[in-house]
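*Asks:* Have a look at this one before I ask anything.
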Amino acid sequence: MGRTDLIPAEGNFYKANLHCHTTYSDGMLTPQQVKELYMERGYSIVAFTDHNRYVYHKELSEERFLPLAGYEVNNDGRKGEGGHPIADHLCALALDPERAQMVERPVVYDSEKINEMIQRLREAGFIVNYNHPAWSLEHTEDFLALHGITCFEVFNYGAEVSTGAGYGDQQYDLWVKSGRRAFPIATDDNHNPPVYETGGGPGPDFDSCGGFTMIKARELTYRAVTDAICAGHLYASNGPLIEGIYLENDRLVIDCGPVCSVMMKDCGINNAWAIYDGADSITHAEIPLSAVRREFGGAVRAVLMRKDGKRAWTNAWDLDEMGF
């Protein structure tokens with residue numbers, strides 16, 4: 001059997017933050033300051049997604065930096081009458097930033113109305129991403145009711161450092177095991193507050209540059225990057241780097257930066273396969289596809305972890321659909 005690249009071998013990886021706030025809503029840094037901060041940390045892409053306000057910061061574009069245009073749609077309410085607060089937040093990223101226009105939002109929390117809005121956003125030329133499921137306090141039946149989602153936040157750094165509710169990988173696991181498909185992303189959702197309310201503490205970057213998505217695109221242009229996102233040529237991370245991932249000789253092969261474990265997830269409980277090491281010494285893993293428990297379905301994905309607990313998450317691929 002020949003080699004099938006799950007992330008294309010051609011092109012370049014670009015480091016991206018796909019969820020960001022500025023002084024155009026409730027962020028503390030201007031778009032220019034955000035650009036400078038992220039470029040200093042090796043980022044090539046930032047999606048500017050201020051709350052319920054669409055602005056294309058075209059003036060920030062340059063050879064080494066691409067601003068994506070979008071906005072975050074907030075829909076807040078309660079879980080049932082008199083229940084606990086609940087939120088559904090989505091980032092809409094424009095495919096054609098010069099022509100995109102905002103659509104009306106429900107304002108209140110209503111699953112049917114939210115799905116109608118997602119459909120209108122897609123028709124208006126937006127990618128729709130699902131944000132911070134742990135922070136939002138949505139129950140499983142709530143987020144599984146969503147349709148038309150392109151990417152799913154498995155990690156939100158801003159929610160993690162501010163409330164300890166940044167990991168959405170358990171919800172993503174349930175999403176995949178329920179037969180749904182969306183591409184995993186890790187974001188910052190940065191607001192860049194200068195200090196905690198009590199005074200002192202970290203500087204203006206404390207909720208920045210902690211979660212990122214690596215996008216493999218043929219070039220750093222708006223169309224090439226959005227094409228890559230729509231095709232799922234990406235992975236999510238808050239630390240480990242993946243250099244290549246492909247199928248060859250009935251094996252899932254991963255080349256990566258040093259990690260202490262590589263785990264293959266299928267639709268069963270526990271890992272389908274894993275390799276562990278006491279130190280961050282694993283840079284290559286070959287996972288037999290025979291380990292996949294096909295009675296639960298053909299969806300597989302990988303999670304890589306360093307000794308410090310930081311992780312990288314791959315897409316879920318359906319081996320049955322791919323003919324493996």
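Residues are named by chain letter and number: chains run A, B, ... in the order of the structure tokens, numbers start at 1 in each chain, and ligands are numbered from 1 in the order shown.
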Using DSSP secondary structure from the backbone, list all strand (DSSP E) positions within range 140-208 of chain A, as a list in words.

*Replies:*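 Everything in range 140-208 of chain A that counts as strand (DSSP E) is Cys151, Phe152, Glu153, Val154, Phe155, Asn156, Phe183, Pro184, Ile185, Ala186 and Thr187 of chain A.
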
*Asks:* Would you write out, as a Markdown table, a table of all residues in range 145-244 of chain A that have an atom no more than 12 Å from an atom of range 122-126 of chain A, listing for each the closest atom pair and the distance in Å to one decimal, considering only C-alpha atoms and ordering rows by chain and rising residue number?

*Replies:*
```
| residue | atom | partner | partner_atom | distance |
| --- | --- | --- | --- | --- |
| A:His147 | CA | A:Arg122 | CA | 10.8 |
| A:Gly148 | CA | A:Arg122 | CA | 7.7 |
| A:Ile149 | CA | A:Arg122 | CA | 9.4 |
| A:Thr150 | CA | A:Phe126 | CA | 9.8 |
| A:Cys151 | CA | A:Phe126 | CA | 11.9 |
| A:Thr226 | CA | A:Phe126 | CA | 10.1 |
| A:Ile229 | CA | A:Phe126 | CA | 11.8 |
| A:Cys230 | CA | A:Phe126 | CA | 10.6 |
```

*Asks:* Can you spit out the residues from that selection as a short mmCIF file (atom, residue, chain, number, x, y, z; two decimals), in the first residue's frame, using C-alpha atoms?

*Replies:*
```
data_model
loop_
_atom_site.label_atom_id
_atom_site.label_comp_id
_atom_site.auth_asym_id
_atom_site.auth_seq_id
_atom_site.Cartn_x
_atom_site.Cartn_y
_atom_site.Cartn_z
CA HIS A 147 -24.99 21.69 12.53
CA GLY A 148 -22.68 23.28 9.99
CA ILE A 149 -19.63 23.56 12.26
CA THR A 150 -16.24 23.60 10.49
CA CYS A 151 -13.82 23.69 13.45
CA THR A 226 -9.00 29.46 4.16
CA ILE A 229 -8.87 25.32 6.94
CA CYS A 230 -11.89 24.08 5.01
#
```

*Asks:* Name all residues at most 8 Å from range 285-290 of chain A (count only C-alpha atoms; drop same-chain ones fewer than 4 positions away) and give them as a compact mmCIF listing (two decimals) with C-alpha atoms, in the first residue's frame.

*Replies:*
```txt
# COMPACT_ATOMS: atom_id res chain seq x y z
CA ASP A 250 -1.59 -0.35 7.11
CA ARG A 251 -0.03 1.94 9.69
CA LEU A 252 -0.70 5.46 10.90
CA VAL A 253 2.71 7.15 10.95
CA ILE A 254 3.46 10.31 12.90
CA ASP A 255 6.66 12.37 12.90
CA VAL A 262 1.37 9.18 21.34
CA MET A 264 -4.54 6.72 18.98
CA TRP A 273 -3.21 2.09 20.90
CA ILE A 275 3.16 4.38 23.29
```

*Asks:* For range 157-171 of chain A, find every residue with an atom within 7 Å (counting only C-alpha atoms), except residues of its own chain fewer than 5 positions away, and show them as an NGL selection string.

*Replies:* :A and (132-135 or 187-190 or 207 or 210-211)

*Asks:* How would the residues just picked look written out with N, CA and C atoms as a PDB file, in the first residue's frame?

*Replies:*
```
ATOM      1  N   HIS A 132     -14.958  27.243  22.943  1.00  0.00           N
ATOM      2  CA  HIS A 132     -14.823  26.923  24.375  1.00  0.00           C
ATOM      3  C   HIS A 132     -16.016  26.171  24.987  1.00  0.00           C
ATOM      4  N   PRO A 133     -16.230  24.899  24.623  1.00  0.00           N
ATOM      5  CA  PRO A 133     -17.399  24.165  25.143  1.00  0.00           C
ATOM      6  C   PRO A 133     -17.417  24.001  26.653  1.00  0.00           C
ATOM      7  N   ALA A 134     -16.241  23.847  27.288  1.00  0.00           N
ATOM      8  CA  ALA A 134     -16.234  23.685  28.740  1.00  0.00           C
ATOM      9  C   ALA A 134     -16.648  24.974  29.427  1.00  0.00           C
ATOM     10  N   TRP A 135     -16.120  26.100  28.970  1.00  0.00           N
ATOM     11  CA  TRP A 135     -16.469  27.397  29.549  1.00  0.00           C
ATOM     12  C   TRP A 135     -17.944  27.705  29.350  1.00  0.00           C
ATOM     13  N   THR A 187      -6.978  27.732  20.381  1.00  0.00           N
ATOM     14  CA  THR A 187      -6.975  29.181  20.208  1.00  0.00           C
ATOM     15  C   THR A 187      -6.599  29.872  21.516  1.00  0.00           C
ATOM     16  N   ASP A 188      -6.465  31.194  21.448  1.00  0.00           N
ATOM     17  CA  ASP A 188      -6.207  31.982  22.653  1.00  0.00           C
ATOM     18  C   ASP A 188      -7.461  32.652  23.199  1.00  0.00           C
ATOM     19  N   ASP A 189      -8.337  33.136  22.314  1.00  0.00           N
ATOM     20  CA  ASP A 189      -9.472  33.937  22.781  1.00  0.00           C
ATOM     21  C   ASP A 189      -8.949  35.078  23.652  1.00  0.00           C
ATOM     22  N   ASN A 190      -7.856  35.691  23.213  1.00  0.00           N
ATOM     23  CA  ASN A 190      -7.144  36.660  24.040  1.00  0.00           C
ATOM     24  C   ASN A 190      -7.870  37.999  24.141  1.00  0.00           C
ATOM     25  N   ASP A 207      -2.900  36.016  28.473  1.00  0.00           N
ATOM     26  CA  ASP A 207      -3.835  35.078  27.844  1.00  0.00           C
ATOM     27  C   ASP A 207      -3.564  34.955  26.347  1.00  0.00           C
ATOM     28  N   GLY A 210      -0.804  30.844  23.930  1.00  0.00           N
ATOM     29  CA  GLY A 210      -0.805  29.589  24.669  1.00  0.00           C
ATOM     30  C   GLY A 210      -1.499  28.459  23.946  1.00  0.00           C
ATOM     31  N   GLY A 211      -2.390  28.769  23.014  1.00  0.00           N
ATOM     32  CA  GLY A 211      -3.037  27.761  22.180  1.00  0.00           C
ATOM     33  C   GLY A 211      -2.916  28.185  20.736  1.00  0.00           C
TER      34      GLY A 211
END
```

*Asks:* Write out as a list in words each polymer residue whose atoms come within 12 Å of Tyr14 in chain A, counting only C-alpha atoms; drop sequence neighbours fewer than 5 positions from it.

*Replies:*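 Result of the neighbour search: Met39, Gly42, Tyr43, Ser44, Ile45, Val46, Arg64, Phe65, Leu66, Phe212, Thr213, Met214, Ile215, Lys216, Ala217, Arg218, Glu219, Leu220, Thr221, Ala224, Val225, Ala228, Ile229, His233, Leu234, Tyr235, Ala236, Leu241 and Glu243 of chain A.
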
*Asks:* Based on the selection just made, write C-alpha atoms of those residues as a PDB file, in the first residue's frame.

*Replies:*
```pdb
ATOM      1  CA  MET A  39       4.617  38.078  15.194  1.00  0.00           C
ATOM      2  CA  GLY A  42       6.301  33.218  15.656  1.00  0.00           C
ATOM      3  CA  TYR A  43       2.686  33.512  14.492  1.00  0.00           C
ATOM      4  CA  SER A  44       1.874  34.194  10.852  1.00  0.00           C
ATOM      5  CA  ILE A  45      -1.942  34.326  11.112  1.00  0.00           C
ATOM      6  CA  VAL A  46      -4.420  35.961  13.479  1.00  0.00           C
ATOM      7  CA  ARG A  64       4.924  37.492   6.849  1.00  0.00           C
ATOM      8  CA  PHE A  65       1.523  38.181   8.419  1.00  0.00           C
ATOM      9  CA  LEU A  66      -2.053  37.449   7.368  1.00  0.00           C
ATOM     10  CA  PHE A 212      -2.417  27.614  18.460  1.00  0.00           C
ATOM     11  CA  THR A 213      -3.448  25.916  15.253  1.00  0.00           C
ATOM     12  CA  MET A 214      -0.830  24.859  12.711  1.00  0.00           C
ATOM     13  CA  ILE A 215      -2.256  25.265   9.208  1.00  0.00           C
ATOM     14  CA  LYS A 216      -0.556  23.624   6.226  1.00  0.00           C
ATOM     15  CA  ALA A 217      -1.093  25.822   3.178  1.00  0.00           C
ATOM     16  CA  ARG A 218       0.596  26.259  -0.172  1.00  0.00           C
ATOM     17  CA  GLU A 219       1.301  29.930   0.609  1.00  0.00           C
ATOM     18  CA  LEU A 220       0.465  32.670   3.085  1.00  0.00           C
ATOM     19  CA  THR A 221      -2.467  34.159   1.198  1.00  0.00           C
ATOM     20  CA  ALA A 224      -4.768  29.470   0.374  1.00  0.00           C
ATOM     21  CA  VAL A 225      -5.190  29.605   4.152  1.00  0.00           C
ATOM     22  CA  ALA A 228      -6.555  24.736   3.974  1.00  0.00           C
ATOM     23  CA  ILE A 229      -8.866  25.318   6.943  1.00  0.00           C
ATOM     24  CA  HIS A 233      -5.085  20.591   6.662  1.00  0.00           C
ATOM     25  CA  LEU A 234      -4.276  21.506  10.246  1.00  0.00           C
ATOM     26  CA  TYR A 235      -3.812  20.323  13.790  1.00  0.00           C
ATOM     27  CA  ALA A 236      -4.364  21.899  17.211  1.00  0.00           C
ATOM     28  CA  LEU A 241       4.550  20.062  17.053  1.00  0.00           C
ATOM     29  CA  GLU A 243       5.889  17.429  11.301  1.00  0.00           C
TER      30      GLU A 243
END
```

*Asks:* Would you give me, as a list in words, the residues in range 137-229 of chain A that DSSP reads as alpha helix (DSSP H)?

*Replies:*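 So, restricting range 137-229 of chain A to alpha helix (DSSP H), we get Thr140, Glu141, Asp142, Phe143, Tyr157, Gly158, Ala159, Glu160, Val161, Ser162, Thr163, Asp169, Gln170, Gln171, Tyr172, Asp173, Leu174, Trp175, Val176, Lys177, Tyr222, Arg223, Ala224, Val225, Thr226, Asp227, Ala228 and Ile229 of chain A.
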
*Asks:* Write the residues of the preceding selection, restricted to N, CA and C atoms, as a CSV table (one decimal), in the first residue's frame.

*Replies:*
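Final output, result.csv:
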```csv
chain,number,residue,atom,x,y,z
A,140,THR,N,-24.1,17.9,26.7
A,140,THR,CA,-23.8,17.2,25.5
A,140,THR,C,-24.9,17.3,24.5
A,141,GLU,N,-26.1,17.2,24.9
A,141,GLU,CA,-27.2,17.3,23.9
A,141,GLU,C,-27.3,18.7,23.3
A,142,ASP,N,-26.7,19.7,24.0
A,142,ASP,CA,-26.7,21.1,23.4
A,142,ASP,C,-25.8,21.2,22.3
A,143,PHE,N,-24.5,20.9,22.5
A,143,PHE,CA,-23.5,21.1,21.4
A,143,PHE,C,-23.7,20.0,20.3
A,157,TYR,N,-7.0,28.9,25.4
A,157,TYR,CA,-6.0,29.3,26.4
A,157,TYR,C,-6.6,30.4,27.3
A,158,GLY,N,-7.3,31.4,26.7
A,158,GLY,CA,-7.9,32.4,27.6
A,158,GLY,C,-8.8,31.9,28.7
A,159,ALA,N,-9.7,30.9,28.3
A,159,ALA,CA,-10.6,30.3,29.3
A,159,ALA,C,-9.8,29.5,30.3
A,160,GLU,N,-8.7,28.9,29.9
A,160,GLU,CA,-7.9,28.1,30.8
A,160,GLU,C,-7.2,28.9,31.8
A,161,VAL,N,-6.5,30.0,31.4
A,161,VAL,CA,-5.8,30.8,32.4
A,161,VAL,C,-6.7,31.6,33.3
A,162,SER,N,-7.9,32.0,32.8
A,162,SER,CA,-8.8,32.8,33.6
A,162,SER,C,-9.8,32.0,34.4
A,163,THR,N,-10.2,30.9,34.0
A,163,THR,CA,-11.2,30.1,34.7
A,163,THR,C,-10.9,28.6,34.9
A,169,ASP,N,-11.4,19.0,24.9
A,169,ASP,CA,-11.2,17.8,24.1
A,169,ASP,C,-12.1,16.6,24.5
A,170,GLN,N,-12.6,16.6,25.7
A,170,GLN,CA,-13.6,15.6,26.1
A,170,GLN,C,-14.9,15.8,25.3
A,171,GLN,N,-15.3,17.0,25.1
A,171,GLN,CA,-16.5,17.3,24.3
A,171,GLN,C,-16.2,17.0,22.8
A,172,TYR,N,-15.0,17.2,22.4
A,172,TYR,CA,-14.7,16.9,21.0
A,172,TYR,C,-14.7,15.3,20.8
A,173,ASP,N,-14.2,14.6,21.8
A,173,ASP,CA,-14.3,13.2,21.8
A,173,ASP,C,-15.7,12.7,21.6
A,174,LEU,N,-16.7,13.3,22.4
A,174,LEU,CA,-18.1,12.9,22.3
A,174,LEU,C,-18.6,13.3,20.9
A,175,TRP,N,-18.2,14.4,20.4
A,175,TRP,CA,-18.6,14.9,19.1
A,175,TRP,C,-18.2,13.8,18.0
A,176,VAL,N,-17.0,13.4,18.1
A,176,VAL,CA,-16.5,12.4,17.1
A,176,VAL,C,-17.2,11.1,17.3
A,177,LYS,N,-17.4,10.6,18.5
A,177,LYS,CA,-18.0,9.3,18.8
A,177,LYS,C,-19.5,9.3,18.4
A,222,TYR,N,-4.7,34.8,1.7
A,222,TYR,CA,-6.1,34.6,2.3
A,222,TYR,C,-6.8,33.3,1.7
A,223,ARG,N,-6.8,33.2,0.4
A,223,ARG,CA,-7.5,32.1,-0.2
A,223,ARG,C,-6.8,30.8,0.1
A,224,ALA,N,-5.5,30.7,0.1
A,224,ALA,CA,-4.8,29.5,0.4
A,224,ALA,C,-5.0,29.0,1.8
A,225,VAL,N,-5.0,30.0,2.7
A,225,VAL,CA,-5.2,29.6,4.2
A,225,VAL,C,-6.6,29.2,4.4
A,226,THR,N,-7.6,29.9,3.9
A,226,THR,CA,-9.0,29.5,4.2
A,226,THR,C,-9.3,28.2,3.5
A,227,ASP,N,-8.7,27.9,2.3
A,227,ASP,CA,-8.9,26.6,1.6
A,227,ASP,C,-8.3,25.5,2.5
A,228,ALA,N,-7.2,25.7,3.1
A,228,ALA,CA,-6.6,24.7,4.0
A,228,ALA,C,-7.4,24.5,5.2
A,229,ILE,N,-8.0,25.5,5.8
A,229,ILE,CA,-8.9,25.3,6.9
A,229,ILE,C,-10.1,24.5,6.6
```

*Asks:* Could you tell me how far CA of Glu81 in chain A lies from CA of Glu112 in chain A, in Å and to one decimal?

*Replies:*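 CA of Glu81 in chain A sits 16.7 Å away from CA of Glu112 in chain A.
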